[in-house]
Amino acid sequence: MLKAIKELLVGTREVSTRAKSSAPSSPTGPAGYFMPQFAAQPLHHLVTLMQVLPATRQGEYANEGGLVDITLQTTTYAVRLAKGHMLPPGAAPEEQSAQNILWNAVVFYAALWRYLPQLAQIEGELQSGHPWLPGVTVPAEPYRFRFKPVSPDPTITTSQRALIAYRLLPAEAVNWRLPCQPRRMR
């Protein structure tokens, strides 16, 4: 099932094929740069913000697209686990049934954002020499990236993660309110 989801979301190549192959997984631009890719839905949008970034400096997910690979695996696993539980725990079955879709969305987004702090460890540059903030903006031209030599301040990591998470949430979720809450701003 994971293979089918990955094929649907990121193309027909498998992770193992990409890890073993020396050919890049995305169209290449000028030497040392990658060409930007684009998408529309939340998961696709996150993949667009991550482009072909690795998840770690070394290891299984250090290859091109490693951050997307581990995010897809984590999200799929979390949603599968959530399907086996009635959420929220301790609520009446009628309430659990009525809120099932909302809780599945919460689990999906929580898993989707699990690796967002990794983006703060990477700095990007566009071919024009301007900086690119991986995860915050989609590059408009060929780009390259590298891991920062020094780990970023945790405050910056938290702020960047919050900004990216806010960008990924659908407008309906951001504007959602409980029925008992007033609509007026104070």
# chains A, B, ... in the order shown; residues from 1 in each chain; ligands from 1
>>> select_by_dssp(residues="segment 59-179 of chain A", states="strand (DSSP E)", output="list in words")
Ile122, Glu123, Gly124, Glu125, Leu126, Pro131, Trp132, Tyr143, Arg144, Phe145, Arg146 and Phe147 of chain A
>>> closest_atom_pairs(of="segment 121-176 of chain A", to="segment 42-64 of chain A", cutoff="10 Å", atoms="only C-alpha atoms", output="tab-separated table")
residue	atom	partner	partner_atom	distance
A:Gln121	CA	A:Thr56	CA	9.2
A:Ile122	CA	A:Leu53	CA	8.4
A:Gly124	CA	A:Leu53	CA	9.8
A:Leu133	CA	A:Leu49	CA	9.2
A:Pro134	CA	A:Met50	CA	6.4
A:Gly135	CA	A:Leu49	CA	4.5
A:Val136	CA	A:Leu49	CA	6.7
A:Thr137	CA	A:Leu49	CA	6.3
A:Val138	CA	A:Leu49	CA	5.4
A:Pro139	CA	A:Leu49	CA	8.2
A:Tyr143	CA	A:Gln51	CA	9.8
A:Arg144	CA	A:Leu53	CA	9.4
A:Phe145	CA	A:Leu53	CA	7.8
A:Arg146	CA	A:Leu53	CA	9.0
A:Phe147	CA	A:Arg57	CA	7.3
A:Ile164	CA	A:Leu46	CA	8.7
A:Ala165	CA	A:Leu46	CA	9.3
A:Arg167	CA	A:Pro42	CA	9.2
A:Leu168	CA	A:Pro42	CA	5.8
A:Leu169	CA	A:Pro42	CA	7.2
A:Pro170	CA	A:Pro42	CA	7.4
>>> closest_residue(among="A:Leu112, A:Ala162, A:Glu123, A:Glu141", to="Asp69 of chain A", atoms="only C-alpha atoms")
A:Leu112
>>> residues_around(residues="segment 77-84 of chain A", least_positions_apart="4", cutoff="7 Å", atoms="only C-alpha atoms", output="MDAnalysis selection string")
chainID A and resid 73 104 107:108 111
>>> write_last_selection(atoms="all heavy atoms", output="short mmCIF file (atom, residue, chain, number, x, y, z; two decimals), in the first residue's frame")
data_model
loop_
_atom_site.label_atom_id
_atom_site.label_comp_id
_atom_site.auth_asym_id
_atom_site.auth_seq_id
_atom_site.Cartn_x
_atom_site.Cartn_y
_atom_site.Cartn_z
N GLN A 73 6.33 7.73 4.90
CA GLN A 73 6.28 6.50 5.69
C GLN A 73 5.67 6.75 7.06
O GLN A 73 4.81 5.99 7.52
CB GLN A 73 7.68 5.91 5.84
CG GLN A 73 8.21 5.31 4.57
CD GLN A 73 9.66 4.86 4.71
OE1 GLN A 73 10.27 4.96 5.75
NE2 GLN A 73 10.21 4.35 3.61
N ASN A 104 -8.86 11.70 12.52
CA ASN A 104 -7.95 11.17 11.50
C ASN A 104 -7.16 12.31 10.85
O ASN A 104 -5.98 12.16 10.55
CB ASN A 104 -8.71 10.37 10.44
CG ASN A 104 -9.08 8.99 10.92
OD1 ASN A 104 -8.37 8.40 11.73
ND2 ASN A 104 -10.19 8.48 10.46
N VAL A 107 -4.38 13.33 13.30
CA VAL A 107 -3.28 12.36 13.27
C VAL A 107 -2.46 12.55 11.99
O VAL A 107 -1.23 12.55 12.02
CB VAL A 107 -3.81 10.91 13.38
CG1 VAL A 107 -2.73 9.90 13.07
CG2 VAL A 107 -4.39 10.68 14.77
N PHE A 108 -3.13 12.74 10.86
CA PHE A 108 -2.45 12.94 9.58
C PHE A 108 -1.53 14.15 9.64
O PHE A 108 -0.35 14.08 9.30
CB PHE A 108 -3.49 13.10 8.47
CG PHE A 108 -2.92 13.55 7.16
CD1 PHE A 108 -2.24 12.67 6.34
CD2 PHE A 108 -3.05 14.87 6.74
CE1 PHE A 108 -1.71 13.08 5.12
CE2 PHE A 108 -2.53 15.29 5.53
CZ PHE A 108 -1.85 14.39 4.73
N ALA A 111 1.50 13.75 12.05
CA ALA A 111 2.55 12.91 11.45
C ALA A 111 3.24 13.65 10.30
O ALA A 111 4.46 13.54 10.12
CB ALA A 111 1.95 11.60 10.95
#
>>> closest_atom_pairs(of="segment 88-136 of chain A", to="segment 150-158 of chain A", cutoff="10 Å", atoms="only C-alpha atoms", output="CSV")
residue,atom,partner,partner_atom,distance
A:Leu116,CA,A:Thr157,CA,8.6
A:Pro117,CA,A:Thr157,CA,5.8
A:Gln118,CA,A:Thr157,CA,8.5
A:Leu119,CA,A:Thr157,CA,8.3
A:Ala120,CA,A:Thr157,CA,5.5
A:Gln121,CA,A:Ser151,CA,6.2
A:Ile122,CA,A:Ser151,CA,9.4
